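**Student:** Have a look at the structure that comes next, please.
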Amino acid sequence: MEKIIIRPIQPSDNKHIARIIREVLTEFKANKPGTAYFDTSLDELHSLFTYPHAAYWVLEQDGHIIGGAGIYPTNGLPPHYCELVKLYLLPAARGKGLGKQLIQQCFDAAIENGCTHMYLETMPELTSAIPLYEKMGFAYLPQALGASGHFGCSVWMLKAL
């Protein structure tokens, strides 16, 4: 029986989660400028998520990382808002409710941090992610919030927590 756990990112996870993010963006033909694919911090996510009110979790199956997601207090967001960031799952992890579990982990942590809203940015190419966000209660916004630097994203969503 496979064992699946969600745990905080560790420094040794950096290369694995960076590879997953790049593989998934390439799979969906979304490996373009202005996306997480080119984030300078992608290879050092553990360090990035030591920032106050930031957190990142990896999804591990039988000792192998198969996905991850986090929250971040992105510059320029309204007070008590955070951003759902870098939610990526390998194909073998999809369709099993694991993305939903990761998002719920992010909701719980955001609420613990005093957040009232969660924002996200994505791309139309990420066709399996958008329906998940809708099911989790995110609503569409007409424009971006904050200053994530992801000019390649054209879908913006928000959820009250």
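Naming scheme: A, B, ... for chains in displayed order of the structure tokens; residues 1 onward per chain; ligands 1 onward as shown.
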Using only C-alpha atoms, which residues sit within 9 Å of Val85 of chain A once same-chain residues fewer than 4 positions away are excluded, as a PyMOL selection string?
**Tutor:** chain A and resi 56+69-72+119-121
**Student:** Need to verify the contact set: Trp156 of chain A, 12 Å, only C-alpha atoms, exclusion of same-chain residues closer than 2 positions in sequence. Can you return it as an mmCIF file with N, CA and C atoms, in the first residue's frame?
**Tutor:**
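Listing of around_7.cif after writing:
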data_model
loop_
_atom_site.group_PDB
_atom_site.id
_atom_site.type_symbol
_atom_site.label_atom_id
_atom_site.label_comp_id
_atom_site.auth_asym_id
_atom_site.auth_seq_id
_atom_site.Cartn_x
_atom_site.Cartn_y
_atom_site.Cartn_z
ATOM 1 N N GLU A 83 -0.886 34.581 -1.379
ATOM 2 C CA GLU A 83 -1.009 33.964 -2.694
ATOM 3 C C GLU A 83 -0.757 32.464 -2.590
ATOM 4 N N LEU A 84 -1.592 31.679 -3.252
ATOM 5 C CA LEU A 84 -1.349 30.254 -3.449
ATOM 6 C C LEU A 84 -0.319 30.156 -4.564
ATOM 7 N N MET A 118 -7.242 34.373 -0.243
ATOM 8 C CA MET A 118 -6.151 33.740 -0.966
ATOM 9 C C MET A 118 -6.312 34.043 -2.448
ATOM 10 N N TYR A 119 -5.240 34.504 -3.022
ATOM 11 C CA TYR A 119 -5.168 34.904 -4.423
ATOM 12 C C TYR A 119 -4.325 33.874 -5.172
ATOM 13 N N LEU A 120 -4.552 33.726 -6.462
ATOM 14 C CA LEU A 120 -3.665 32.910 -7.284
ATOM 15 C C LEU A 120 -3.620 33.447 -8.698
ATOM 16 N N GLU A 121 -2.524 33.108 -9.364
ATOM 17 C CA GLU A 121 -2.345 33.420 -10.782
ATOM 18 C C GLU A 121 -2.027 32.114 -11.497
ATOM 19 N N THR A 122 -2.603 31.953 -12.673
ATOM 20 C CA THR A 122 -2.323 30.757 -13.457
ATOM 21 C C THR A 122 -2.428 31.093 -14.938
ATOM 22 N N MET A 123 -2.375 30.071 -15.760
ATOM 23 C CA MET A 123 -2.423 30.237 -17.210
ATOM 24 C C MET A 123 -3.479 29.313 -17.797
ATOM 25 N N PRO A 124 -4.109 29.734 -18.883
ATOM 26 C CA PRO A 124 -5.113 28.876 -19.516
ATOM 27 C C PRO A 124 -4.555 27.502 -19.905
ATOM 28 N N ILE A 130 -7.204 24.642 -13.355
ATOM 29 C CA ILE A 130 -8.279 25.636 -13.254
ATOM 30 C C ILE A 130 -9.586 25.034 -12.721
ATOM 31 N N TYR A 133 -9.247 24.700 -8.988
ATOM 32 C CA TYR A 133 -9.388 25.984 -8.290
ATOM 33 C C TYR A 133 -10.855 26.388 -8.182
ATOM 34 N N GLU A 134 -11.597 26.179 -9.257
ATOM 35 C CA GLU A 134 -13.032 26.500 -9.227
ATOM 36 C C GLU A 134 -13.742 25.665 -8.158
ATOM 37 N N PHE A 138 -12.444 29.244 -5.638
ATOM 38 C CA PHE A 138 -11.839 30.451 -6.196
ATOM 39 C C PHE A 138 -12.741 31.034 -7.276
ATOM 40 N N ALA A 139 -12.821 32.358 -7.312
ATOM 41 C CA ALA A 139 -13.607 33.076 -8.319
ATOM 42 C C ALA A 139 -12.653 33.914 -9.178
ATOM 43 N N TYR A 140 -13.048 34.135 -10.407
ATOM 44 C CA TYR A 140 -12.209 34.873 -11.354
ATOM 45 C C TYR A 140 -12.167 36.362 -11.040
ATOM 46 N N LEU A 141 -11.011 36.956 -11.295
ATOM 47 C CA LEU A 141 -10.807 38.391 -11.176
ATOM 48 C C LEU A 141 -10.525 38.956 -12.561
ATOM 49 N N PRO A 142 -10.861 40.242 -12.788
ATOM 50 C CA PRO A 142 -10.617 40.829 -14.105
ATOM 51 C C PRO A 142 -9.164 41.232 -14.348
ATOM 52 N N GLN A 143 -8.363 41.303 -13.278
ATOM 53 C CA GLN A 143 -6.960 41.711 -13.443
ATOM 54 C C GLN A 143 -6.131 41.160 -12.289
ATOM 55 N N ALA A 144 -4.825 41.276 -12.436
ATOM 56 C CA ALA A 144 -3.902 40.777 -11.419
ATOM 57 C C ALA A 144 -3.936 41.647 -10.170
ATOM 58 N N LEU A 145 -3.637 41.021 -9.045
ATOM 59 C CA LEU A 145 -3.402 41.720 -7.784
ATOM 60 C C LEU A 145 -1.927 41.557 -7.443
ATOM 61 N N GLY A 146 -1.372 42.515 -6.727
ATOM 62 C CA GLY A 146 -0.003 42.361 -6.262
ATOM 63 C C GLY A 146 1.016 42.457 -7.371
ATOM 64 N N SER A 148 3.627 39.898 -8.463
ATOM 65 C CA SER A 148 4.326 38.603 -8.471
ATOM 66 C C SER A 148 5.439 38.559 -9.505
ATOM 67 N N HIS A 150 4.855 37.604 -12.512
ATOM 68 C CA HIS A 150 4.462 36.566 -13.467
ATOM 69 C C HIS A 150 3.569 37.157 -14.562
ATOM 70 N N PHE A 151 4.189 37.932 -15.430
ATOM 71 C CA PHE A 151 3.430 38.563 -16.511
ATOM 72 C C PHE A 151 2.932 37.556 -17.534
ATOM 73 N N GLY A 152 3.406 36.321 -17.474
ATOM 74 C CA GLY A 152 2.939 35.265 -18.370
ATOM 75 C C GLY A 152 1.628 34.642 -17.933
ATOM 76 N N CYS A 153 1.145 35.021 -16.746
ATOM 77 C CA CYS A 153 -0.117 34.489 -16.241
ATOM 78 C C CYS A 153 -1.250 35.439 -16.651
ATOM 79 N N SER A 154 -2.340 34.853 -17.127
ATOM 80 C CA SER A 154 -3.475 35.680 -17.583
ATOM 81 C C SER A 154 -4.782 35.278 -16.945
ATOM 82 N N LEU A 158 -9.508 34.549 -6.813
ATOM 83 C CA LEU A 158 -9.494 34.929 -5.413
ATOM 84 C C LEU A 158 -10.511 34.112 -4.638
ATOM 85 N N LYS A 159 -10.175 33.793 -3.395
ATOM 86 C CA LYS A 159 -11.099 33.092 -2.520
ATOM 87 C C LYS A 159 -11.060 33.748 -1.148
#
**Student:** Report as a PyMOL selection string all protein, DNA and RNA residues lying within 6 Å of Val58 of chain A, evaluated on only C-alpha atoms, omitting residues in the same chain fewer than 5 positions from it.
**Tutor:** chain A and resi 6-7+9+67-68
**Student:** Please, which residues of chain A, numbered as in this document, come out strand (DSSP E) from DSSP, as a short mmCIF file (atom, residue, chain, number, x, y, z; two decimals) with N, CA and C atoms, in the first residue's frame?
**Tutor:**
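Okay, this is what ended up in part_9.cif:
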data_model
loop_
_atom_site.label_atom_id
_atom_site.label_comp_id
_atom_site.auth_asym_id
_atom_site.auth_seq_id
_atom_site.Cartn_x
_atom_site.Cartn_y
_atom_site.Cartn_z
N ILE A 4 1.29 8.14 1.35
CA ILE A 4 1.35 9.52 0.86
C ILE A 4 1.32 10.45 2.06
N ILE A 5 2.29 11.37 2.09
CA ILE A 5 2.32 12.36 3.17
C ILE A 5 2.51 13.76 2.58
N ILE A 6 2.03 14.74 3.32
CA ILE A 6 2.26 16.15 3.01
C ILE A 6 3.12 16.67 4.15
N ARG A 7 4.27 17.23 3.80
CA ARG A 7 5.18 17.72 4.82
C ARG A 7 5.85 19.01 4.36
N PRO A 8 6.38 19.80 5.33
CA PRO A 8 7.08 21.03 4.95
C PRO A 8 8.30 20.73 4.09
N ALA A 55 4.98 29.52 3.41
CA ALA A 55 5.13 28.10 3.72
C ALA A 55 5.00 27.31 2.42
N TYR A 56 5.69 26.19 2.37
CA TYR A 56 5.60 25.31 1.20
C TYR A 56 5.62 23.87 1.69
N TRP A 57 4.75 23.08 1.09
CA TRP A 57 4.65 21.66 1.44
C TRP A 57 4.92 20.82 0.21
N VAL A 58 5.58 19.69 0.43
CA VAL A 58 5.77 18.73 -0.65
C VAL A 58 4.85 17.54 -0.39
N LEU A 59 4.45 16.95 -1.48
CA LEU A 59 3.63 15.75 -1.47
C LEU A 59 4.58 14.60 -1.77
N GLU A 60 4.65 13.66 -0.84
CA GLU A 60 5.60 12.56 -0.95
C GLU A 60 4.85 11.24 -0.98
N GLN A 61 5.21 10.41 -1.94
CA GLN A 61 4.62 9.07 -2.05
C GLN A 61 5.75 8.06 -2.01
N HIS A 64 9.15 9.42 -2.51
CA HIS A 64 9.41 10.20 -3.72
C HIS A 64 8.50 11.42 -3.75
N ILE A 65 9.06 12.57 -4.07
CA ILE A 65 8.26 13.79 -4.16
C ILE A 65 7.49 13.77 -5.47
N ILE A 66 6.18 13.97 -5.36
CA ILE A 66 5.32 13.92 -6.55
C ILE A 66 4.55 15.23 -6.76
N GLY A 67 4.82 16.23 -5.91
CA GLY A 67 4.15 17.51 -6.08
C GLY A 67 4.41 18.42 -4.90
N GLY A 68 3.79 19.59 -4.97
CA GLY A 68 3.93 20.55 -3.88
C GLY A 68 3.06 21.76 -4.10
N ALA A 69 2.94 22.58 -3.05
CA ALA A 69 2.18 23.83 -3.10
C ALA A 69 2.56 24.67 -1.89
N GLY A 70 2.35 25.99 -2.02
CA GLY A 70 2.67 26.86 -0.91
C GLY A 70 1.83 28.11 -0.88
N ILE A 71 2.11 28.91 0.16
CA ILE A 71 1.49 30.22 0.30
C ILE A 71 2.61 31.24 0.47
N TYR A 72 2.34 32.46 -0.01
CA TYR A 72 3.37 33.50 0.06
C TYR A 72 2.70 34.86 0.18
N TYR A 81 -4.05 39.28 2.76
CA TYR A 81 -4.15 38.42 1.59
C TYR A 81 -2.82 37.65 1.48
N CYS A 82 -2.89 36.45 0.94
CA CYS A 82 -1.68 35.71 0.57
C CYS A 82 -1.94 35.09 -0.80
N GLU A 83 -0.89 34.58 -1.38
CA GLU A 83 -1.01 33.96 -2.69
C GLU A 83 -0.76 32.46 -2.59
N LEU A 84 -1.59 31.68 -3.25
CA LEU A 84 -1.35 30.25 -3.45
C LEU A 84 -0.32 30.16 -4.56
N VAL A 85 0.82 29.54 -4.26
CA VAL A 85 1.92 29.54 -5.23
C VAL A 85 2.45 28.14 -5.49
N LYS A 86 2.94 27.99 -6.69
CA LYS A 86 3.68 26.80 -7.12
C LYS A 86 3.01 25.48 -6.75
N LEU A 87 1.74 25.38 -7.12
CA LEU A 87 1.02 24.11 -6.99
C LEU A 87 1.25 23.32 -8.27
N TYR A 88 2.02 22.26 -8.14
CA TYR A 88 2.34 21.41 -9.28
C TYR A 88 2.32 19.96 -8.83
N LEU A 89 1.72 19.11 -9.66
CA LEU A 89 1.66 17.68 -9.40
C LEU A 89 2.13 16.91 -10.63
N HIS A 117 -8.05 36.24 2.71
CA HIS A 117 -8.25 35.92 1.29
C HIS A 117 -7.01 35.24 0.73
N MET A 118 -7.24 34.37 -0.24
CA MET A 118 -6.15 33.74 -0.97
C MET A 118 -6.31 34.04 -2.45
N TYR A 119 -5.24 34.50 -3.02
CA TYR A 119 -5.17 34.90 -4.42
C TYR A 119 -4.32 33.87 -5.17
N LEU A 120 -4.55 33.73 -6.46
CA LEU A 120 -3.66 32.91 -7.28
C LEU A 120 -3.62 33.45 -8.70
N GLU A 121 -2.52 33.11 -9.36
CA GLU A 121 -2.34 33.42 -10.78
C GLU A 121 -2.03 32.11 -11.50
N THR A 122 -2.60 31.95 -12.67
CA THR A 122 -2.32 30.76 -13.46
C THR A 122 -2.43 31.09 -14.94
N ALA A 139 -12.82 32.36 -7.31
CA ALA A 139 -13.61 33.08 -8.32
C ALA A 139 -12.65 33.91 -9.18
N TYR A 140 -13.05 34.14 -10.41
CA TYR A 140 -12.21 34.87 -11.35
C TYR A 140 -12.17 36.36 -11.04
N LEU A 141 -11.01 36.96 -11.30
CA LEU A 141 -10.81 38.39 -11.18
C LEU A 141 -10.53 38.96 -12.56
N VAL A 155 -4.74 34.39 -15.95
CA VAL A 155 -5.91 33.99 -15.21
C VAL A 155 -5.63 34.31 -13.74
N TRP A 156 -6.54 35.10 -13.14
CA TRP A 156 -6.37 35.53 -11.75
C TRP A 156 -7.62 35.15 -10.99
N MET A 157 -7.43 34.61 -9.79
CA MET A 157 -8.57 34.12 -9.02
C MET A 157 -8.38 34.49 -7.54
N LEU A 158 -9.51 34.55 -6.81
CA LEU A 158 -9.49 34.93 -5.41
C LEU A 158 -10.51 34.11 -4.64
N LYS A 159 -10.18 33.79 -3.39
CA LYS A 159 -11.10 33.09 -2.52
C LYS A 159 -11.06 33.75 -1.15
N ALA A 160 -12.24 34.03 -0.59
CA ALA A 160 -12.34 34.47 0.80
C ALA A 160 -12.18 33.24 1.68
#
**Student:** What gap, in Å, lies between atom CA of Gly97 of chain A and atom CA of Ile20 of chain A?
**Tutor:**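 Between atom CA of Gly97 of chain A and atom CA of Ile20 of chain A the gap works out to 18.2 Å.
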**Student:** So the first atom is atom CA of Pro33 of chain A and the second is atom CA of Gly137 of chain A; what is the distance between them in Å, to one decimal place?
**Tutor:**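 If I compute the distance from atom CA of Pro33 of chain A to atom CA of Gly137 of chain A, I get 28.3 Å.
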**Student:** To one decimal place, how far is atom CA of Leu126 of chain A from atom CA of Asp39 of chain A in Å?
**Tutor:** 17.5 Å
